[in-house]
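With compact mmCIF, C-alpha atoms and all ligand atoms inside, this is query34.txt:
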```
# COMPACT_ATOMS: atom_id res chain seq x y z
CA MET P 1451 -59.06 -37.14 -5.30
CA ARG P 1452 -56.08 -37.03 -3.04
CA PHE P 1453 -53.87 -34.03 -3.40
CA PRO P 1454 -50.65 -34.68 -1.52
CA THR P 1455 -48.05 -32.42 -3.09
CA VAL P 1456 -49.63 -28.99 -2.89
CA LEU P 1457 -50.26 -27.07 0.27
CA ILE P 1458 -51.60 -23.59 0.51
CA ALA P 1459 -48.96 -21.79 2.50
CA SER P 1460 -51.02 -18.76 3.29
CA LEU P 1461 -53.33 -20.81 5.43
CA LEU P 1462 -54.55 -17.60 6.94
CA ALA P 1463 -55.91 -16.51 3.60
CA PHE P 1464 -59.55 -17.46 3.42
CA ALA P 1465 -59.27 -19.51 6.62
CA PRO P 1466 -62.73 -20.17 7.97
CA THR P 1467 -63.51 -18.34 11.18
CA ALA P 1468 -66.34 -18.71 13.63
CA GLY P 1469 -69.52 -16.66 13.19
CA ALA P 1470 -71.39 -15.48 10.13
CA GLN P 1471 -69.10 -13.72 7.70
CA ARG P 1472 -70.11 -10.58 5.84
CA TRP P 1473 -68.50 -8.38 3.24
CA PHE P 1474 -67.67 -4.81 4.29
CA ARG P 1475 -66.67 -2.16 1.75
CA GLY P 1476 -63.94 0.28 2.74
CA ASN P 1477 -61.19 2.71 1.79
CA THR P 1478 -57.65 2.61 3.21
CA HIS P 1479 -56.35 5.98 1.96
CA ALA P 1480 -58.08 9.35 2.55
CA HIS P 1481 -56.93 12.91 3.23
CA SER P 1482 -58.78 15.94 4.63
CA LEU P 1483 -57.96 19.56 5.50
CA ASN P 1484 -55.88 18.10 8.36
CA SER P 1485 -53.26 17.50 5.66
CA ASP P 1486 -53.72 18.32 1.97
CA GLY P 1487 -57.36 17.39 1.34
CA ASP P 1488 -59.91 20.11 0.54
CA VAL P 1489 -62.70 19.55 3.09
CA PRO P 1490 -62.79 19.05 6.89
CA VAL P 1491 -62.39 15.48 8.09
CA ASP P 1492 -66.06 15.15 9.09
CA ALA P 1493 -67.02 15.89 5.47
CA VAL P 1494 -64.66 13.15 4.31
CA VAL P 1495 -66.28 10.67 6.67
CA ARG P 1496 -69.75 11.79 5.60
CA TRP P 1497 -68.82 11.31 1.93
CA TYR P 1498 -67.88 7.66 2.48
CA ARG P 1499 -70.84 6.97 4.73
CA GLU P 1500 -73.22 8.37 2.12
CA HIS P 1501 -71.70 6.51 -0.82
CA GLY P 1502 -72.16 2.87 0.08
CA TYR P 1503 -69.06 2.31 2.20
CA HIS P 1504 -68.92 0.58 5.58
CA PHE P 1505 -65.61 2.02 6.71
CA THR P 1506 -62.81 4.37 5.88
CA PHE P 1507 -59.39 4.85 7.35
CA ILE P 1508 -58.23 8.47 7.75
CA THR P 1509 -54.61 8.66 6.58
CA GLU P 1510 -53.29 12.22 6.76
CA HIS P 1511 -49.71 13.11 5.99
CA GLU P 1512 -47.82 13.25 9.34
CA TYR P 1513 -50.99 13.80 11.36
CA PHE P 1514 -52.71 11.30 13.61
CA THR P 1515 -56.49 11.59 13.73
CA ASP P 1516 -58.39 10.76 16.89
CA VAL P 1517 -61.31 8.89 15.36
CA ALA P 1518 -63.37 8.60 18.59
CA PRO P 1519 -65.25 11.90 18.07
CA LEU P 1520 -65.89 10.99 14.43
CA ASN P 1521 -67.22 7.59 15.41
CA ALA P 1522 -69.40 9.20 18.10
CA LEU P 1523 -71.03 11.23 15.33
CA PHE P 1524 -71.02 8.87 12.37
CA ALA P 1525 -70.53 5.22 13.36
CA GLY P 1526 -73.34 2.70 13.51
CA ALA P 1527 -73.12 -0.95 14.56
CA ASN P 1528 -72.20 -3.01 11.48
CA ARG P 1529 -73.16 -0.03 9.30
CA PHE P 1530 -70.25 2.39 9.40
CA LEU P 1531 -66.90 2.84 11.12
CA VAL P 1532 -63.92 5.21 10.98
CA ILE P 1533 -60.52 3.60 11.60
CA ALA P 1534 -57.37 5.48 12.59
CA GLY P 1535 -54.26 5.64 10.47
CA GLN P 1536 -51.75 7.91 8.82
CA GLU P 1537 -49.71 8.33 5.66
CA VAL P 1538 -46.02 8.24 6.52
CA THR P 1539 -44.75 10.54 3.76
CA GLN P 1540 -41.24 9.15 3.62
CA ARG P 1541 -38.80 10.28 0.97
CA ILE P 1542 -35.16 9.41 0.37
CA ALA P 1543 -32.38 11.62 -0.97
CA ASP P 1544 -31.25 10.57 -4.46
CA SER P 1545 -29.43 13.23 -6.47
CA ALA P 1546 -29.81 11.16 -9.63
CA HIS P 1547 -33.61 11.30 -9.44
CA THR P 1548 -36.08 14.02 -10.51
CA GLY P 1549 -36.12 16.69 -7.80
CA GLY P 1550 -33.34 14.96 -5.85
CA VAL P 1551 -35.71 12.70 -3.91
CA ARG P 1552 -37.62 9.49 -4.35
CA GLN P 1553 -41.02 8.95 -2.72
CA ALA P 1554 -41.39 6.02 -0.34
CA HIS P 1555 -44.83 6.74 1.12
CA VAL P 1556 -46.53 4.08 3.21
CA ASN P 1557 -49.80 3.99 5.08
CA ALA P 1558 -50.10 3.05 8.72
CA LEU P 1559 -53.48 1.33 9.17
CA GLY P 1560 -55.02 0.95 12.59
CA THR P 1561 -52.21 2.63 14.50
CA SER P 1562 -52.71 4.21 17.93
CA ARG P 1563 -50.29 7.13 17.58
CA LEU P 1564 -48.28 9.20 15.13
CA VAL P 1565 -45.43 7.38 13.38
CA PRO P 1566 -42.60 9.83 12.63
CA THR P 1567 -40.80 9.79 9.29
CA ILE P 1568 -37.05 9.25 9.06
CA GLY P 1569 -34.87 12.32 8.41
CA GLU P 1570 -35.29 16.07 8.28
CA LYS P 1571 -38.25 17.23 6.15
CA ASN P 1572 -39.18 13.54 5.72
CA ILE P 1573 -36.02 12.92 3.68
CA ALA P 1574 -33.92 9.94 4.72
CA LYS P 1575 -30.30 10.25 3.70
CA GLY P 1576 -28.01 7.31 2.91
CA MET P 1577 -30.89 4.82 2.98
CA THR P 1578 -32.60 2.78 0.30
CA ILE P 1579 -36.36 2.74 -0.06
CA ALA P 1580 -36.29 -0.91 1.06
CA GLN P 1581 -34.57 0.17 4.28
CA THR P 1582 -37.21 2.84 4.92
CA TYR P 1583 -39.96 0.27 4.32
CA ALA P 1584 -38.32 -1.97 6.93
CA ARG P 1585 -37.85 0.84 9.49
CA ASN P 1586 -41.27 2.42 8.97
CA GLY P 1587 -42.96 -0.98 8.86
CA ALA P 1588 -41.45 -1.85 12.24
CA ALA P 1589 -42.55 1.51 13.69
CA ILE P 1590 -46.07 1.00 12.33
CA ARG P 1591 -46.29 -2.50 13.85
CA ALA P 1592 -44.97 -1.13 17.15
CA ALA P 1593 -47.83 1.40 17.06
CA GLY P 1594 -50.32 -1.44 16.58
CA GLY P 1595 -50.90 -1.00 12.85
CA LEU P 1596 -50.47 -2.68 9.48
CA LEU P 1597 -48.08 -1.54 6.74
CA GLN P 1598 -49.48 -0.57 3.34
CA VAL P 1599 -46.99 0.33 0.59
CA ASN P 1600 -48.37 3.21 -1.46
CA HIS P 1601 -48.23 4.13 -5.17
CA PRO P 1602 -44.73 2.84 -6.14
CA ASN P 1603 -44.91 4.56 -9.56
CA PHE P 1604 -45.54 8.05 -8.07
CA ILE P 1605 -42.83 10.28 -9.60
CA TRP P 1606 -41.41 6.97 -10.90
CA SER P 1607 -39.88 6.47 -7.49
CA VAL P 1608 -39.64 2.88 -6.33
CA PRO P 1609 -37.22 0.46 -8.01
CA LEU P 1610 -38.77 -3.01 -8.15
CA ALA P 1611 -35.86 -4.44 -6.15
CA ASP P 1612 -36.88 -2.31 -3.16
CA MET P 1613 -40.16 -4.25 -2.89
CA MET P 1614 -38.56 -7.70 -2.79
CA ASP P 1615 -37.86 -7.80 0.95
CA LEU P 1616 -41.27 -6.69 2.16
CA PRO P 1617 -42.57 -9.08 4.81
CA ASP P 1618 -45.33 -11.52 3.87
CA SER P 1619 -48.86 -10.15 4.27
CA THR P 1620 -47.78 -6.57 3.54
CA LEU P 1621 -50.56 -4.64 1.81
CA PHE P 1622 -49.79 -2.65 -1.29
CA GLU P 1623 -51.75 -0.48 -3.68
CA VAL P 1624 -52.45 -2.50 -6.80
CA TRP P 1625 -54.88 0.30 -7.73
CA ASN P 1626 -54.69 3.84 -6.30
CA GLY P 1627 -57.36 6.21 -7.68
CA HIS P 1628 -55.13 9.31 -7.70
CA PRO P 1629 -54.62 10.53 -11.30
CA ILE P 1630 -50.81 10.88 -11.20
CA VAL P 1631 -49.66 7.70 -9.50
CA TYR P 1632 -49.47 5.71 -12.74
CA ASN P 1633 -50.81 2.30 -11.82
CA GLN P 1634 -50.21 1.22 -15.42
CA GLY P 1635 -46.50 1.97 -15.32
CA GLY P 1636 -44.65 3.25 -18.37
CA THR P 1637 -41.43 3.51 -20.35
CA ASP P 1638 -39.45 6.75 -20.60
CA SER P 1639 -37.79 8.18 -23.72
CA THR P 1640 -34.56 6.32 -22.96
CA GLY P 1641 -36.35 2.99 -22.83
CA GLN P 1642 -36.34 2.67 -19.02
CA GLU P 1643 -39.44 0.77 -17.98
CA MET P 1644 -41.38 0.98 -14.74
CA LEU P 1645 -43.72 -1.99 -14.43
CA SER P 1646 -47.41 -1.58 -13.75
CA THR P 1647 -48.40 -2.07 -10.12
CA GLU P 1648 -49.90 -5.40 -11.10
CA GLY P 1649 -46.67 -6.37 -12.90
CA ARG P 1650 -44.76 -5.50 -9.74
CA TRP P 1651 -47.15 -7.69 -7.75
CA ASP P 1652 -46.52 -10.71 -10.00
CA SER P 1653 -42.77 -10.11 -9.88
CA VAL P 1654 -42.73 -10.09 -6.08
CA LEU P 1655 -45.13 -13.06 -5.84
CA SER P 1656 -42.97 -14.99 -8.31
CA ARG P 1657 -40.07 -14.69 -5.87
CA GLY P 1658 -42.14 -16.55 -3.30
CA LYS P 1659 -43.26 -13.47 -1.37
CA LEU P 1660 -46.88 -12.91 -0.41
CA LEU P 1661 -48.20 -9.36 -0.88
CA PHE P 1662 -51.88 -8.44 -0.72
CA GLY P 1663 -53.29 -6.01 -3.29
CA VAL P 1664 -55.42 -3.08 -2.15
CA GLY P 1665 -57.61 -0.72 -4.15
CA ASP P 1666 -58.07 2.72 -2.60
CA ASP P 1667 -58.77 6.36 -3.42
CA ASP P 1668 -55.93 8.46 -2.02
CA SER P 1669 -58.77 11.00 -2.03
CA HIS P 1670 -58.00 14.72 -1.67
CA SER P 1671 -60.79 16.52 -3.58
CA TYR P 1672 -64.34 16.10 -2.36
CA LYS P 1673 -66.16 19.23 -3.52
CA PRO P 1674 -69.27 18.44 -5.58
CA GLU P 1675 -68.24 20.85 -8.34
CA ASP P 1676 -65.15 18.67 -8.98
CA ALA P 1677 -67.10 15.42 -9.21
CA GLU P 1678 -66.48 14.90 -12.92
CA ASN P 1679 -62.88 16.13 -13.01
CA PRO P 1680 -60.56 13.25 -13.91
CA ASP P 1681 -57.47 15.28 -12.95
CA MET P 1682 -58.48 15.49 -9.31
CA ALA P 1683 -58.03 12.83 -6.64
CA ARG P 1684 -61.71 12.12 -6.08
CA PRO P 1685 -63.24 9.59 -3.66
CA GLY P 1686 -65.05 6.51 -4.92
CA ARG P 1687 -62.62 5.26 -7.56
CA ALA P 1688 -61.20 2.11 -5.93
CA TRP P 1689 -61.93 0.21 -2.74
CA ILE P 1690 -61.72 -3.11 -0.94
CA TRP P 1691 -64.36 -5.59 0.17
CA VAL P 1692 -63.28 -7.21 3.43
CA ARG P 1693 -64.75 -10.40 4.87
CA ALA P 1694 -65.33 -10.26 8.62
CA ASP P 1695 -67.93 -11.33 11.14
CA THR P 1696 -68.36 -7.85 12.57
CA LEU P 1697 -67.51 -4.27 11.67
CA SER P 1698 -64.82 -3.44 14.23
CA ALA P 1699 -61.31 -2.08 13.74
CA GLU P 1700 -59.90 -5.31 15.18
CA ALA P 1701 -61.93 -7.57 12.87
CA ILE P 1702 -61.13 -5.48 9.77
CA LEU P 1703 -57.41 -5.37 10.59
CA ARG P 1704 -57.32 -9.13 11.24
CA ALA P 1705 -59.01 -9.80 7.89
CA LEU P 1706 -56.60 -7.46 6.09
CA HIS P 1707 -53.65 -9.20 7.71
CA ARG P 1708 -54.79 -12.64 6.61
CA GLY P 1709 -55.67 -11.44 3.09
CA ASP P 1710 -59.40 -12.04 3.39
CA PHE P 1711 -60.44 -9.23 1.06
CA TYR P 1712 -60.32 -8.18 -2.57
CA ALA P 1713 -59.68 -4.93 -4.41
CA SER P 1714 -62.24 -3.44 -6.78
CA THR P 1715 -62.94 -0.58 -9.14
CA GLY P 1716 -66.52 -1.74 -9.67
CA VAL P 1717 -66.70 -5.53 -9.92
CA THR P 1718 -68.39 -7.17 -6.93
CA LEU P 1719 -68.06 -10.78 -5.86
CA LYS P 1720 -70.67 -12.92 -4.20
CA GLU P 1721 -68.24 -15.67 -3.17
CA LEU P 1722 -64.53 -16.25 -3.01
CA LYS P 1723 -63.00 -19.47 -1.77
CA ALA P 1724 -59.64 -21.15 -1.98
CA ASP P 1725 -58.71 -24.60 -0.71
CA PRO P 1726 -55.88 -26.98 -1.60
CA THR P 1727 -57.76 -28.25 -4.63
CA GLN P 1728 -59.28 -25.16 -6.19
CA TYR P 1729 -59.61 -21.39 -6.28
CA ALA P 1730 -63.25 -20.48 -6.86
CA LEU P 1731 -65.29 -17.31 -7.12
CA GLU P 1732 -68.69 -16.02 -8.12
CA ILE P 1733 -69.38 -12.57 -9.57
CA THR P 1734 -72.43 -10.50 -8.65
CA PRO P 1735 -73.71 -9.42 -12.06
CA ALA P 1736 -74.58 -5.76 -12.78
CA GLY P 1737 -77.00 -5.18 -15.65
CA ASP P 1738 -75.94 -6.80 -18.90
CA ARG P 1739 -72.23 -6.38 -18.28
CA ARG P 1740 -70.00 -9.23 -19.40
CA TYR P 1741 -67.08 -10.52 -17.38
CA LEU P 1742 -63.69 -12.06 -17.98
CA THR P 1743 -62.07 -13.89 -15.09
CA GLU P 1744 -58.38 -14.71 -15.41
CA PHE P 1745 -56.57 -16.99 -12.97
CA ILE P 1746 -52.94 -15.98 -12.72
CA GLY P 1747 -49.84 -17.82 -11.50
CA GLN P 1748 -46.03 -17.74 -11.44
CA GLY P 1749 -44.55 -15.05 -13.67
CA GLY P 1750 -47.94 -13.42 -14.17
CA LYS P 1751 -48.95 -16.27 -16.47
CA VAL P 1752 -52.65 -16.59 -17.19
CA LEU P 1753 -53.47 -20.14 -16.12
CA ALA P 1754 -57.11 -20.14 -17.19
CA ARG P 1755 -59.86 -17.84 -18.43
CA SER P 1756 -63.57 -17.90 -17.80
CA THR P 1757 -66.51 -15.81 -19.02
CA THR P 1758 -69.11 -17.30 -16.69
CA LEU P 1759 -70.23 -15.73 -13.43
CA ARG P 1760 -69.07 -18.75 -11.45
CA SER P 1761 -65.65 -20.10 -12.11
CA ALA P 1762 -63.11 -22.31 -10.43
CA TYR P 1763 -59.50 -22.99 -11.18
CA ARG P 1764 -58.46 -26.53 -10.30
CA ILE P 1765 -55.02 -26.44 -8.73
CA VAL P 1766 -52.65 -28.90 -10.36
CA GLY P 1767 -49.43 -28.04 -8.48
CA GLY P 1768 -46.48 -26.03 -9.72
CA GLU P 1769 -48.44 -22.78 -10.16
CA GLY P 1770 -46.27 -21.04 -7.57
CA TYR P 1771 -49.26 -18.97 -6.55
CA VAL P 1772 -52.80 -18.45 -7.78
CA ARG P 1773 -54.79 -15.23 -7.83
CA ALA P 1774 -57.66 -13.92 -9.96
CA ARG P 1775 -58.36 -10.76 -11.93
CA ILE P 1776 -61.83 -9.97 -13.15
CA THR P 1777 -62.53 -7.36 -15.83
CA ASP P 1778 -66.00 -6.29 -16.96
CA SER P 1779 -67.07 -5.02 -20.37
CA SER P 1780 -66.65 -1.38 -19.33
CA GLY P 1781 -63.16 -1.89 -17.86
CA ARG P 1782 -64.11 -2.09 -14.19
CA MET P 1783 -62.05 -4.63 -12.30
CA ALA P 1784 -61.51 -6.74 -9.22
CA TRP P 1785 -58.31 -8.35 -7.96
CA THR P 1786 -58.43 -11.21 -5.46
CA GLN P 1787 -55.56 -12.16 -3.16
CA PRO P 1788 -52.97 -14.76 -4.05
CA VAL P 1789 -52.62 -18.08 -2.33
CA ARG P 1790 -49.15 -19.49 -2.33
CA MET P 1791 -48.37 -23.07 -3.21
CA GLN P 1792 -45.71 -25.12 -1.51
CA ARG P 1793 -44.38 -28.43 -2.61
ZN ZN P 1801 -48.61 9.36 -0.97
ZN ZN P 1802 -52.01 9.98 0.12
```

Mind converting the file's structure to structure tokens?
Amino acid sequence: MRFPTVLIASLLAFAPTAGAQRWFRGNTHAHSLNSDGDVPVDAVVRWYREHGYHFTFITEHEYFTDVAPLNALFAGANRFLVIAGQEVTQRIADSAHTGGVRQAHVNALGTSRLVPTIGEKNIAKGMTIAQTYARNGAAIRAAGGLLQVNHPNFIWSVPLADMMDLPDSTLFEVWNGHPIVYNQGGTDSTGQEMLSTEGRWDSVLSRGKLLFGVGDDDSHSYKPEDAENPDMARPGRAWIWVRADTLSAEAILRALHRGDFYASTGVTLKELKADPTQYALEITPAGDRRYLTEFIGQGGKVLARSTTLRSAYRIVGGEGYVRARITDSSGRMAWTQPVRMQR
């Protein structure tokens, strides 16, 4: 069947590349004693290496980690890798907001040097959050890295409008494992609503922008005695699976930039494929869990549902964008990246 009216604009997403592709599991947000985590950075790296991950970024607040010595100790070809980064702990002055500041944190992924925040004590004055995203994003790109927008609902900080001008292919945390970043959003006693992170994603996508959703830990607390404490920012709560032909910083960053990955809190995919006619995926089953796959388009509308392990949404045109969300019978999830339609 000919399909003349719909093009997939994000041609980079799921574009075939040469060489055998593999899935690599990783974390894009981790802290150690070098900022406000509770173990030395080598213990952070060891935790991820010993818990089924292929890579982790180290993203300290205002501290750039030289990952070469860590890789000398812990890396293995196509088995494990540490990638440099940083959390740029930007805030903006806003006397109308709780504590007089709003939080505009972003991660720098794959940078080669420290990216300074704007303003004294990380507080930008007379700027909007959107303006700090633009300035910090440019500084991160200049340092060779990718921009990831972090936890917009932390201290109910980021107005939705401030996310509307983010450049295409920006990463953002659709699921951050920290207990007080409020992925689900909420409404205050005066009726003011902050959308869930996923609701924000659909709002931005519905304006024709292309953001990629990341799952990560924002891990701070690694001690074994805290393993079962839901109020601590533990590792292992959310991650990404990235498709690349080799486990190198360059290959992982390229795949992140083209959106060739998905976010997960426990659901694993065997296959994921989008072309101009369909958006298809296959779930790797775990035990007797049951799965619901929802294909989502413009306005967050559920276009189709499936309860089989293999499912495909046939693109008809006019969807605006198509992405998928998979939920299992215990509430674990996966979010795949949107492809954008163009008439
Ligand atoms: Zn943060
Ligand atoms: Zn953090």

Have a look at CA of Leu1597 in chain P and CA of Gly1709 in chain P and let me know their distance in Å, one decimal.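 Separating CA of Leu1597 in chain P from CA of Gly1709 in chain P is a distance of 13.0 Å.
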
For a test of reading the model, state the distance in Å between CA of Val1556 in chain P and CA of Val1631 in chain P, rounded to one decimal.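 CA of Val1556 in chain P sits 13.6 Å away from CA of Val1631 in chain P.
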
I'd like the neighbourhood of range 1758-1768 of chain P as a short mmCIF file (atom, residue, chain, number, x, y, z; two decimals) with C-alpha atoms, in the frame of the given file, where a residue qualifies if any of its atoms comes within 8 Å (using all atoms listed in the file), though same-chain residues fewer than 4 positions away should be ignored.
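Ended up saving to around.cif:
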```cif
data_model
loop_
_atom_site.label_atom_id
_atom_site.label_comp_id
_atom_site.auth_asym_id
_atom_site.auth_seq_id
_atom_site.Cartn_x
_atom_site.Cartn_y
_atom_site.Cartn_z
CA THR P 1455 -48.05 -32.42 -3.09
CA VAL P 1456 -49.63 -28.99 -2.89
CA PRO P 1726 -55.88 -26.98 -1.60
CA THR P 1727 -57.76 -28.25 -4.63
CA GLN P 1728 -59.28 -25.16 -6.19
CA TYR P 1729 -59.61 -21.39 -6.28
CA ALA P 1730 -63.25 -20.48 -6.86
CA LEU P 1731 -65.29 -17.31 -7.12
CA GLU P 1732 -68.69 -16.02 -8.12
CA ILE P 1733 -69.38 -12.57 -9.57
CA THR P 1734 -72.43 -10.50 -8.65
CA PRO P 1735 -73.71 -9.42 -12.06
CA TYR P 1741 -67.08 -10.52 -17.38
CA LEU P 1742 -63.69 -12.06 -17.98
CA THR P 1743 -62.07 -13.89 -15.09
CA PHE P 1745 -56.57 -16.99 -12.97
CA ALA P 1754 -57.11 -20.14 -17.19
CA MET P 1791 -48.37 -23.07 -3.21
CA ARG P 1793 -44.38 -28.43 -2.61
#
```

Enumerate, in order of chain and increasing residue number, the residues of chain P with an atom no farther than 8 Å from ligand ZN 1802 (chain P), each with its shortest atom pair and distance in Å to one decimal, counting all atoms listed in the file, as JSON lines.
```
{"residue": "P:His1479", "atom": "CA", "partner": "P:ZN1802", "partner_atom": "ZN", "distance": 6.2}
{"residue": "P:Ala1480", "atom": "CA", "partner": "P:ZN1802", "partner_atom": "ZN", "distance": 6.6}
{"residue": "P:His1481", "atom": "CA", "partner": "P:ZN1802", "partner_atom": "ZN", "distance": 6.5}
{"residue": "P:Thr1509", "atom": "CA", "partner": "P:ZN1802", "partner_atom": "ZN", "distance": 7.1}
{"residue": "P:Glu1510", "atom": "CA", "partner": "P:ZN1802", "partner_atom": "ZN", "distance": 7.1}
{"residue": "P:His1511", "atom": "CA", "partner": "P:ZN1802", "partner_atom": "ZN", "distance": 7.0}
{"residue": "P:Glu1537", "atom": "CA", "partner": "P:ZN1802", "partner_atom": "ZN", "distance": 6.2}
{"residue": "P:His1555", "atom": "CA", "partner": "P:ZN1802", "partner_atom": "ZN", "distance": 7.9}
{"residue": "P:Asn1600", "atom": "CA", "partner": "P:ZN1802", "partner_atom": "ZN", "distance": 7.8}
{"residue": "P:Asp1668", "atom": "CA", "partner": "P:ZN1802", "partner_atom": "ZN", "distance": 4.7}
{"residue": "P:Ser1669", "atom": "CA", "partner": "P:ZN1802", "partner_atom": "ZN", "distance": 7.2}
{"residue": "P:His1670", "atom": "CA", "partner": "P:ZN1802", "partner_atom": "ZN", "distance": 7.8}
```

Could those selected residues go to a file with C-alpha atoms, as a tab-separated table (two decimals), keeping the file's coordinate frame?
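Result saved to result21.tsv:
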```tsv
chain	number	residue	atom	x	y	z
P	1479	HIS	CA	-56.35	5.98	1.96
P	1480	ALA	CA	-58.08	9.35	2.55
P	1481	HIS	CA	-56.93	12.91	3.23
P	1509	THR	CA	-54.61	8.66	6.58
P	1510	GLU	CA	-53.29	12.22	6.76
P	1511	HIS	CA	-49.71	13.11	5.99
P	1537	GLU	CA	-49.71	8.33	5.66
P	1555	HIS	CA	-44.83	6.74	1.12
P	1600	ASN	CA	-48.37	3.21	-1.46
P	1668	ASP	CA	-55.93	8.46	-2.02
P	1669	SER	CA	-58.77	11.00	-2.03
P	1670	HIS	CA	-58.00	14.72	-1.67
```

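Near Ser1653 in chain P, within 12 Å and counting all atoms listed in the file, sit Leu1610, Ala1611, Asp1612, Met1613, Met1614, Leu1645, Ser1646, Thr1647, Lys1659, Leu1660, Leu1661, Gly1747, Gln1748, Gly1749, Gly1750, Lys1751, Gly1770 and Tyr1771 of chain P; same-chain residues fewer than 6 positions away were not included.
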
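By only C-alpha atoms, and with residues fewer than 6 positions from Ile1590 in chain P along its chain excluded, the set lying at most 8 Å from it is Ala1558, Thr1561, Val1565, Leu1596 and Leu1597 of chain P.
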
Given only C-alpha atoms and all ligand atoms as the counted atoms, nearest of P:Val1717, P:Ala1554, P:Ile1568, P:Val1489 to ligand ZN 1801 (chain P):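 The shortest atom-to-atom distance to ligand ZN 1801 (chain P) comes from P:Ala1554.
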
Just give me the gap between CA of Trp1473 in chain P and CA of Leu1616 in chain P in Å, one decimal is fine.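 Here the two named atoms are 27.3 Å from each other.
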
With distances taken over all atoms listed in the file, which residue among P:Tyr1712, P:Ala1677, P:Met1577, P:Thr1515 lies nearest Asn1484 in chain P?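 The answer is P:Thr1515, which sits nearest to Asn1484 in chain P.
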
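Between Trp1625 in chain P and the residues P:Arg1739, P:Arg1591, P:Lys1571, P:Arg1687, the shortest atom-to-atom distance, using all atoms listed in the file, involves P:Arg1687.
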
Residue contacts of range 1692-1706 of chain P (6 Å, only C-alpha atoms) excluding same-chain residues fewer than 6 positions away, as a PyMOL selection string: chain P and resi 1469-1474+1528

Mind writing the picked residues with C-alpha atoms as a PDB file, in the frame of the given file?
```pdb
ATOM      1  CA  GLY P1469     -69.520 -16.660  13.190  1.00  0.00           C
ATOM      2  CA  ALA P1470     -71.390 -15.480  10.130  1.00  0.00           C
ATOM      3  CA  GLN P1471     -69.100 -13.720   7.700  1.00  0.00           C
ATOM      4  CA  ARG P1472     -70.110 -10.580   5.840  1.00  0.00           C
ATOM      5  CA  TRP P1473     -68.500  -8.380   3.240  1.00  0.00           C
ATOM      6  CA  PHE P1474     -67.670  -4.810   4.290  1.00  0.00           C
ATOM      7  CA  ASN P1528     -72.200  -3.010  11.480  1.00  0.00           C
TER       8      ASN P1528
END
```

Can you work out which one of P:Asp1615, P:Phe1524, P:Ser1562, P:His1628 has the shortest atom-to-atom distance to Gln1581 in chain P, counting only C-alpha atoms?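 So, comparing all the options, the nearest one is P:Asp1615.
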
Out of P:Ala1522, P:Ala1546, P:Ala1713, P:Ile1605, which residue has the shortest atom-to-atom distance to ligand ZN 1801 (chain P) when counting all atoms listed in the file?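 Selected residue with least distance to ligand ZN 1801 (chain P): P:Ile1605.
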
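Minimum atom-to-atom distance to Asp1638 in chain P, evaluated using all atoms listed in the file, belongs to P:Trp1606 out of P:Thr1786, P:Val1752, P:Trp1606, P:Leu1520.
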